[in-house]
There are 4 protein chains.
Amino acid sequence: MSHNTFGHLFRVTTWGESHGPALGCVVDGCPPGIRFTVAEIQAELDRRRPGQSRFVTQRREPDAVKVLSGTILDEDGETLITTGTPISMMIENVDQRSKDYGEIARQYRPGHADYTYDVKYGLHDHRGGGRSSARETAARVAAGAIARKVVPGVVVRGALVSMGEKSIERANWNWNFVDDAENPFFTPDPASVPVFADYLDGLRKAGNSVGAVIEIVADGVPAGLGAPIYAKLDQDIASNLMSINAVKGVEIGNGFEAARITGQENADEMRMGNDGKPVFLSNHAGGILGGISTGQPIVARFAVKPTSSILTPRKSIDKDGNDVDVVTKGRHDPCVGIRAVPIGEAMVACALADHYLRHRGQTGR
Amino acid sequence: MSHNTFGHLFRVTTWGESHGPALGCVVDGCPPGIRFTVAEIQAELDRRRPGQSRFVTQRREPDAVKVLSGTILDEDGETLITTGTPISMMIENVDQRSKDYGEIARQYRPGHADYTYDVKYGLHDHRGGGRSSARETAARVAAGAIARKVVPGVVVRGALVSMGEKSIERANWNWNFVDDAENPFFTPDPASVPVFADYLDGLRKAGNSVGAVIEIVADGVPAGLGAPIYAKLDQDIASNLMSINAVKGVEIGNGFEAARITGQENADEMRMGNDGKPVFLSNHAGGILGGISTGQPIVARFAVKPTSSILTPRKSIDKDGNDVDVVTKGRHDPCVGIRAVPIGEAMVACALADHYLRHRGQTGR
Amino acid sequence: MSHNTFGHLFRVTTWGESHGPALGCVVDGCPPGIRFTVAEIQAELDRRRPGQSRFVTQRREPDAVKVLSGTILDEDGETLITTGTPISMMIENVDQRSKDYGEIARQYRPGHADYTYDVKYGLHDHRGGGRSSARETAARVAAGAIARKVVPGVVVRGALVSMGEKSIERANWNWNFVDDAENPFFTPDPASVPVFADYLDGLRKAGNSVGAVIEIVADGVPAGLGAPIYAKLDQDIASNLMSINAVKGVEIGNGFEAARITGQENADEMRMGNDGKPVFLSNHAGGILGGISTGQPIVARFAVKPTSSILTPRKSIDKDGNDVDVVTKGRHDPCVGIRAVPIGEAMVACALADHYLRHRGQTGR
Amino acid sequence: MSHNTFGHLFRVTTWGESHGPALGCVVDGCPPGIRFTVAEIQAELDRRRPGQSRFVTQRREPDAVKVLSGTILDEDGETLITTGTPISMMIENVDQRSKDYGEIARQYRPGHADYTYDVKYGLHDHRGGGRSSARETAARVAAGAIARKVVPGVVVRGALVSMGEKSIERANWNWNFVDDAENPFFTPDPASVPVFADYLDGLRKAGNSVGAVIEIVADGVPAGLGAPIYAKLDQDIASNLMSINAVKGVEIGNGFEAARITGQENADEMRMGNDGKPVFLSNHAGGILGGISTGQPIVARFAVKPTSSILTPRKSIDKDGNDVDVVTKGRHDPCVGIRAVPIGEAMVACALADHYLRHRGQTGR
């Protein structure tokens, strides 16, 4: 049991705050013989790094990852090979000066964990949100970059599918566009870019923020991962996604839509395929039946709330019990959901790696 | 790590299939000195028991619970007192004859776990769904009945808030009506009963089924339960709810709605209350900030898909790879979401009991 | 985390007290397709059952095991096949009348857990020792009977090697004699039987008791099980053996003897064998190097203290704080170490099954 | 489940090899508000650091610890205060050049994990023993230094009680002498120093090595820690000690001696003390009854085997299957048991901290 670990056989422990010297993670249980490069991990980290467009926070954090253990260097001088022992990765905080938080240090920002931290622990590190800082998610992305290598053939991708009142057009879905240099939103719909841009500019200028919905799709997941009851694959994906900051809802497959339709509509009918495997005629289930993967793509979505760090004054109290009006200055993301896309991918990749090893342990397959 | 256990300090392991001799659970880690009666557990079990209206399956299962260990009998001859050792509870299956499942035994029912079980385990107990049987949830309800006693002052209640296209009117919400004898739906809105009844009768007669959304509210939860990152209270509630059969989505507080609104709208503002505790002016967060309870009511919702056990033929395949049309006869619930209400309550109660003990362990409070 | 579970992938949860209606266990994570019969489990239980000679307690407990879940019946009508879901086993207590414990119920027996239970839990079930009752070990033996089937080719056997001041002659070691009908001691040395018998008769008549050392040997364990640091195979075997009642010491290989000799003497030298596998020229290590199995036999020993339930009066106190002299009447084993042999075997078998699945999960081998 | 973590609520994950850039640990679950200084941790690390006498390896490793997360700095500018979030500590390896291991890199050293690593993982980091390096234990000592602060009033001390054929005289036991500057052995008996020195000099000059027995005593442990069955306090202490490199045996209280004596001799009689607490007239049990602490001192011993890294040639094989004679040159400890004293203390301190939090979680006391 741990408050800072997730996974069972592919097990990730993260540590660190945004204003300490560093943050990082320990990946335990990774199979031996997995090959990766630091550049591959760095590439994933760069996807979530702030400062890459006007729509995300302008803080500059290089987020350079170091691999401290658990690998040997291949003869090519670049590829790391896992040894089966714990992989420690560290990202140093380049700017850990404790800024003058001034009065905000004693105010409970609405929608933040300031108040709950104080109640729980009797003290908290108010500098930058402590463990709740978005920077902690860099450690998840680093771990996820390794997790992606564990299950042969699996590809985990994510996209932003709605922002506030605006949604993508699914008919325009283009995975290749998601990481396009002209796409600051991880949207799969090129036509949505100007719509999201105008919308977000307006909110930003108004000192406001907005939420988003992210969809993660994992292709190539073998059938059989998961378990019927308390280790359902969908349960662990939901748990992993819900552990991301600001997430308030998770869906698998058609999710809440399943509650609105009938059994006739919802059933994913099957026919025998030419390759001896069943062909599903639809995928309302999101690739999971009875907690176990079907071989179809795994589909999950999660809702990210708008950040409460906004310029508009909000009513609150301070540590001394005074009523105050809080204004959160600084360089905050107007839509924290955007950068949640690579984080969501990482969390799903970790869940799949873990269940792949668990399934192999129990069944030998 | 276990495929059939949930919780860490308040830890529940369930076992059993619907067609074996019995099913049950072991509750480990319960504090000593908790007092309860078998009648109290039975009362919770009776709430989820089938056969109580025409809208649920007509199977007759008395679901009589026995407490086999972990308690001593008080001098009143009725109250059990926990000793701190594992509490084993068992429910015998009264009708465990293996009915003639006939050809259905070799067919993969769409939307069921038949196919995924076979792929995962190489074999499965086709009688009644094995571990995926709804009967397994009786064990959760029994464990939840004890969990309700662990956190002083907590009350966990649930209600069905929508069924297919029909929803309750929140202005009519009446907790007292939920368990009313005239209410076969666990709806909190008396006016919704005839609406749901007509709707469900129509679906049932058409050999169809429908999904539902359930809302669970926990009042009296002390502030401070949970943790910032991978033991968020909302994460564990989501995990517990997603582990219930047929659940495809989970929300905390305003959930997916949070992704549609702005930071100004979503922030729960605070003022100092007369009793020295903060007063929140709204509860979009559902009682949890940064993974830690605020002292407000905890609010969670989950979406239950329509059962795939319907009379309408659906395309599928059988174990031999033949295309078949599957018709699921038998006594199935047209809306399995109805009986999910006490199950959802139990799962939230267990999450709260677990986090209460975890918080106390770490902080001594 | 659980106080009543051991193992990770092959995971055993036990429950029950000696004076409740039943006791039992849930075995979770067992691979699917394992075949066993109830008779095989019963045979192991019968080995630890009391009442089989004058040297063990004369209580009559049939210890008849029922398998309640997790299996399907093979067409032969006898063989059970595991489905991969939790296996619940139950043993009913035939005589659960709460005897008149009288004043003993309020006395803290020296060497028993009466006092520590009261301090820990604030109350305890004084009837028969509660969870510390030797009857709890029946659940371990049942679980171990299944664990024996998990690792192909492994044979786990145990023997009593010393009792008080008397020891076996290792030159006489004969595994076939251990379960001989004329051998009430699980000794591997036929010549030791009259020695142990006379010694124990003398102690029994004097109202005294004595300790013993048990040795467990596992043959056929594949090389590679375990891990270098905190999941050492020897560590988990030690933990499992130390969890048995009355055990005060555990050794692997030559154990404490290794602390008395030099590195020259202690090293297990190797030569290449004809089959392409190394041949070890000795086995001081007990089959484990760096926490990982070598392919040699695993050898572990544990020390069982003499029971404190003796007829000789011992000084103690009661719950009211009075000084008392305690005499423990009743049918107690003069050497509880004898019946610890099958229990030790079961605990080692469970550790091996668990590590086999863990190794397979991580490495795919 | 983790291969590199121990503890449940006070949970330590270690990472790193001796020849990578660094090694370290993450301590999760520590209560908030614990105060310590880096100097205190460093002082514990310095006790196990090599190079401090001619009887230990002459490698020079400063072992300077950095605290990277989980604390805030008190106003005194020196004291760290835990926040309840994970404490990451790192020790950089100053000399991580991969020395020319030459042919030894392909040879399986007898008594080392070289062979088992290769069998398990299919590859291994042969530089300095990988995870089995004694350097890993620095991380344990750092974690233990924090663990010592968790249980109010507890003092954990250790001492070497025998080395090979030589033992201390218990009548001379003097805790103050253990850390004396003139004492290179952590012996509590001043008279033993010349005896051990002569003995070890002889072995060292002969290119040989020797084992040792270490005793750990924890004073001030409150009664009630532990649990009756699979979370026995003695079991977890044994598990923690057995996880230390080269440990082959563990005892609690009188340990194996308990197997040699009678129940009359072994019982720890009690009388009521003047302060309302029981007084035990002896402590054969080592402070633990039925897995639960009694309030007496906790006493544990462990046996450390002699290192196999000796100058005397030993028969072995290499990776290519050739018979070879292995000579391990380099700066190795002739008695690795000496430096195991602070490691054993740390592991016991961690077990106590964990059980203290577990007990508090379940019982609120």
# chains A, B, ... in the order shown; residues from 1 in each chain; ligands from 1

$ interface_residues --of "chain D" --to "chain B" --cutoff "7 Å" --atoms "only C-alpha atoms" --output "JSON, numbers by chain"
{"D": [1, 29, 30, 31, 32, 357, 358, 360, 361, 362, 363, 364]}

$ write_last_selection --atoms "N, CA, C and O atoms" --output "tab-separated table (two decimals), in the first residue's frame"
chain	number	residue	atom	x	y	z
D	1	MET	N	2.79	-5.11	-4.65
D	1	MET	CA	3.87	-6.09	-4.76
D	1	MET	C	5.07	-5.46	-5.45
D	1	MET	O	4.93	-4.84	-6.48
D	29	GLY	N	4.91	7.40	3.05
D	29	GLY	CA	4.02	7.14	4.16
D	29	GLY	C	4.50	7.68	5.49
D	29	GLY	O	3.82	7.51	6.51
D	30	CYS	N	5.64	8.33	5.50
D	30	CYS	CA	6.13	8.90	6.76
D	30	CYS	C	5.11	9.91	7.28
D	30	CYS	O	4.57	10.70	6.52
D	31	PRO	N	4.83	9.90	8.56
D	31	PRO	CA	3.90	10.90	9.11
D	31	PRO	C	4.43	12.31	8.86
D	31	PRO	O	5.64	12.52	8.79
D	32	PRO	N	3.53	13.26	8.73
D	32	PRO	CA	3.97	14.65	8.64
D	32	PRO	C	4.43	15.14	10.00
D	32	PRO	O	4.03	14.63	11.03
D	357	LEU	N	2.53	2.47	12.66
D	357	LEU	CA	1.50	3.13	11.86
D	357	LEU	C	0.34	2.18	11.56
D	357	LEU	O	-0.82	2.58	11.56
D	358	ARG	N	0.66	0.92	11.31
D	358	ARG	CA	-0.40	-0.05	11.03
D	358	ARG	C	-1.29	-0.24	12.25
D	358	ARG	O	-2.53	-0.34	12.12
D	360	ARG	N	-1.77	1.89	14.66
D	360	ARG	CA	-2.53	3.13	14.85
D	360	ARG	C	-3.68	3.21	13.86
D	360	ARG	O	-4.78	3.66	14.20
D	361	GLY	N	-3.42	2.78	12.62
D	361	GLY	CA	-4.50	2.80	11.63
D	361	GLY	C	-5.66	1.91	12.04
D	361	GLY	O	-6.82	2.33	11.99
D	362	GLN	N	-5.36	0.70	12.49
D	362	GLN	CA	-6.46	-0.22	12.81
D	362	GLN	C	-7.16	0.13	14.11
D	362	GLN	O	-8.38	0.01	14.21
D	363	THR	N	-6.40	0.54	15.10
D	363	THR	CA	-7.00	0.67	16.43
D	363	THR	C	-7.18	2.11	16.89
D	363	THR	O	-7.88	2.34	17.87
D	364	GLY	N	-6.53	3.04	16.23
D	364	GLY	CA	-6.63	4.43	16.68
D	364	GLY	C	-5.79	4.73	17.91
D	364	GLY	O	-5.84	5.84	18.44

$ select_by_dssp --residues "stretch 73-206 of chain D" --states "alpha helix (DSSP H)" --output "MDAnalysis selection string"
chainID D and resid 114:121 136:147 175:178 192:205

$ residues_around --residues "A:Tyr117" --least-positions-apart "6" --cutoff "8 Å" --atoms "only C-alpha atoms" --output "PyMOL selection string"
(chain A and resi 123-124) or (chain B and resi 224+292)

$ residues_around --residues "D:Leu73" --least-positions-apart "6" --cutoff "12 Å" --atoms "only C-alpha atoms" --output "CSV table (one decimal) with N, CA, C and O atoms, in the first residue's frame"
chain,number,residue,atom,x,y,z
A,20,GLY,N,11.3,21.8,-5.1
A,20,GLY,CA,12.5,21.2,-4.5
A,20,GLY,C,13.5,21.1,-5.6
A,20,GLY,O,13.4,21.6,-6.7
A,98,SER,N,12.2,29.8,-4.2
A,98,SER,CA,10.9,30.0,-3.6
A,98,SER,C,10.5,31.4,-3.8
A,98,SER,O,11.0,32.3,-3.2
A,124,HIS,N,1.7,22.3,5.1
A,124,HIS,CA,2.0,22.0,3.7
A,124,HIS,C,3.0,22.9,3.1
A,124,HIS,O,3.3,24.0,3.6
A,125,ASP,N,3.6,22.4,2.0
A,125,ASP,CA,4.6,23.1,1.2
A,125,ASP,C,3.8,23.9,0.2
A,125,ASP,O,3.3,23.4,-0.8
D,33,GLY,N,5.3,16.1,9.9
D,33,GLY,CA,5.7,16.8,11.2
D,33,GLY,C,6.9,16.1,11.9
D,33,GLY,O,7.3,16.6,13.0
D,34,ILE,N,7.5,15.1,11.3
D,34,ILE,CA,8.7,14.5,11.9
D,34,ILE,C,9.9,15.4,11.5
D,34,ILE,O,10.1,15.8,10.4
D,35,ARG,N,10.7,15.7,12.5
D,35,ARG,CA,11.8,16.6,12.4
D,35,ARG,C,13.1,15.8,12.4
D,35,ARG,O,13.4,15.0,13.3
D,36,PHE,N,14.0,16.2,11.4
D,36,PHE,CA,15.3,15.6,11.4
D,36,PHE,C,16.3,16.5,10.7
D,36,PHE,O,15.8,17.4,10.0
D,37,THR,N,17.6,16.2,10.8
D,37,THR,CA,18.5,16.9,10.0
D,37,THR,C,19.3,16.0,9.1
D,37,THR,O,19.4,14.8,9.3
D,38,VAL,N,19.8,16.6,8.0
D,38,VAL,CA,20.6,15.8,7.1
D,38,VAL,C,21.8,15.2,7.9
D,38,VAL,O,22.3,14.1,7.6
D,67,VAL,N,18.7,15.1,0.4
D,67,VAL,CA,17.2,14.9,0.6
D,67,VAL,C,16.6,15.7,-0.5
D,67,VAL,O,16.7,16.9,-0.6
D,79,THR,N,16.9,22.2,10.3
D,79,THR,CA,15.9,21.1,10.6
D,79,THR,C,15.0,20.9,9.4
D,79,THR,O,14.4,21.9,8.9
D,80,LEU,N,14.8,19.7,8.9
D,80,LEU,CA,13.8,19.4,7.9
D,80,LEU,C,12.6,18.8,8.6
D,80,LEU,O,12.7,18.1,9.6
D,81,ILE,N,11.4,19.2,8.1
D,81,ILE,CA,10.2,18.8,8.7
D,81,ILE,C,9.4,18.0,7.6
D,81,ILE,O,9.2,18.5,6.5
D,82,THR,N,9.1,16.8,7.9
D,82,THR,CA,8.4,16.0,6.9
D,82,THR,C,7.0,16.5,6.6
D,82,THR,O,6.3,17.0,7.5
D,83,THR,N,6.6,16.5,5.3
D,83,THR,CA,5.3,17.0,5.0
D,83,THR,C,4.2,15.9,4.8
D,83,THR,O,3.1,16.1,4.5

$ select_by_dssp --residues "stretch 94-228 of chain C" --states "strand (DSSP E)" --output "PyMOL selection string"
chain C and resi 155-163+166-167+212-219

$ atom_distance --atom1 "atom CA of D:Thr262" --atom2 "atom CA of C:Lys305"
8.2 Å

$ residues_around --residues "D:Arg48" --least-positions-apart "3" --cutoff "9 Å" --atoms "only C-alpha atoms" --output "PyMOL selection string"
chain D and resi 44-45+137-138+141+338-343

$ residues_around --residues "D:Met242" --least-positions-apart "5" --cutoff "9 Å" --atoms "only C-alpha atoms" --output "list in words"
Tyr230, Lys232, Asp234, Gln235, Asp236, Ala238 and Ser239 of chain C; Ile237, Val247, Lys248, Gly249, Val250 and Phe302 of chain D

$ residues_around --residues "C:Asp201" --least-positions-apart "5" --cutoff "9 Å" --atoms "only C-alpha atoms" --output "PDB file with N, CA, C and O atoms, in the first residue's frame"
ATOM      1  N   ARG C  54      -0.183 -40.808  20.949  1.00  0.00           N
ATOM      2  CA  ARG C  54      -0.251 -40.291  22.318  1.00  0.00           C
ATOM      3  C   ARG C  54       0.634 -39.058  22.493  1.00  0.00           C
ATOM      4  O   ARG C  54       0.624 -38.415  23.524  1.00  0.00           O
ATOM      5  N   PHE C  55       1.410 -38.743  21.467  1.00  0.00           N
ATOM      6  CA  PHE C  55       2.341 -37.623  21.597  1.00  0.00           C
ATOM      7  C   PHE C  55       1.759 -36.296  21.118  1.00  0.00           C
ATOM      8  O   PHE C  55       2.432 -35.284  21.120  1.00  0.00           O
ATOM      9  N   PHE C 196      13.070 -40.396  20.897  1.00  0.00           N
ATOM     10  CA  PHE C 196      12.097 -39.311  21.038  1.00  0.00           C
ATOM     11  C   PHE C 196      10.919 -39.749  21.906  1.00  0.00           C
ATOM     12  O   PHE C 196      10.397 -38.973  22.711  1.00  0.00           O
ATOM     13  N   ALA C 206       5.753 -35.336  33.341  1.00  0.00           N
ATOM     14  CA  ALA C 206       6.172 -34.285  34.271  1.00  0.00           C
ATOM     15  C   ALA C 206       5.369 -32.991  34.067  1.00  0.00           C
ATOM     16  O   ALA C 206       5.684 -31.966  34.666  1.00  0.00           O
ATOM     17  N   PRO C 334       2.501 -32.050  23.873  1.00  0.00           N
ATOM     18  CA  PRO C 334       3.737 -31.821  24.631  1.00  0.00           C
ATOM     19  C   PRO C 334       4.859 -31.270  23.737  1.00  0.00           C
ATOM     20  O   PRO C 334       5.783 -30.643  24.215  1.00  0.00           O
TER      21      PRO C 334
END

$ closest_residue --among "C:Tyr121, C:Pro110, C:Ser209, C:Ala258" --to "D:Glu165" --atoms "only C-alpha atoms"
C:Ala258

$ atom_distance --atom1 "atom CA of D:Pro306" --atom2 "atom CA of D:Glu251"
18.4 Å

$ closest_residue --among "B:Val119, B:Leu352, B:Ala145, B:Val336" --to "B:Asp219" --atoms "only C-alpha atoms"
B:Leu352

$ atom_distance --atom1 "atom CA of B:Ser309" --atom2 "atom CA of A:Asn266"
11.3 Å
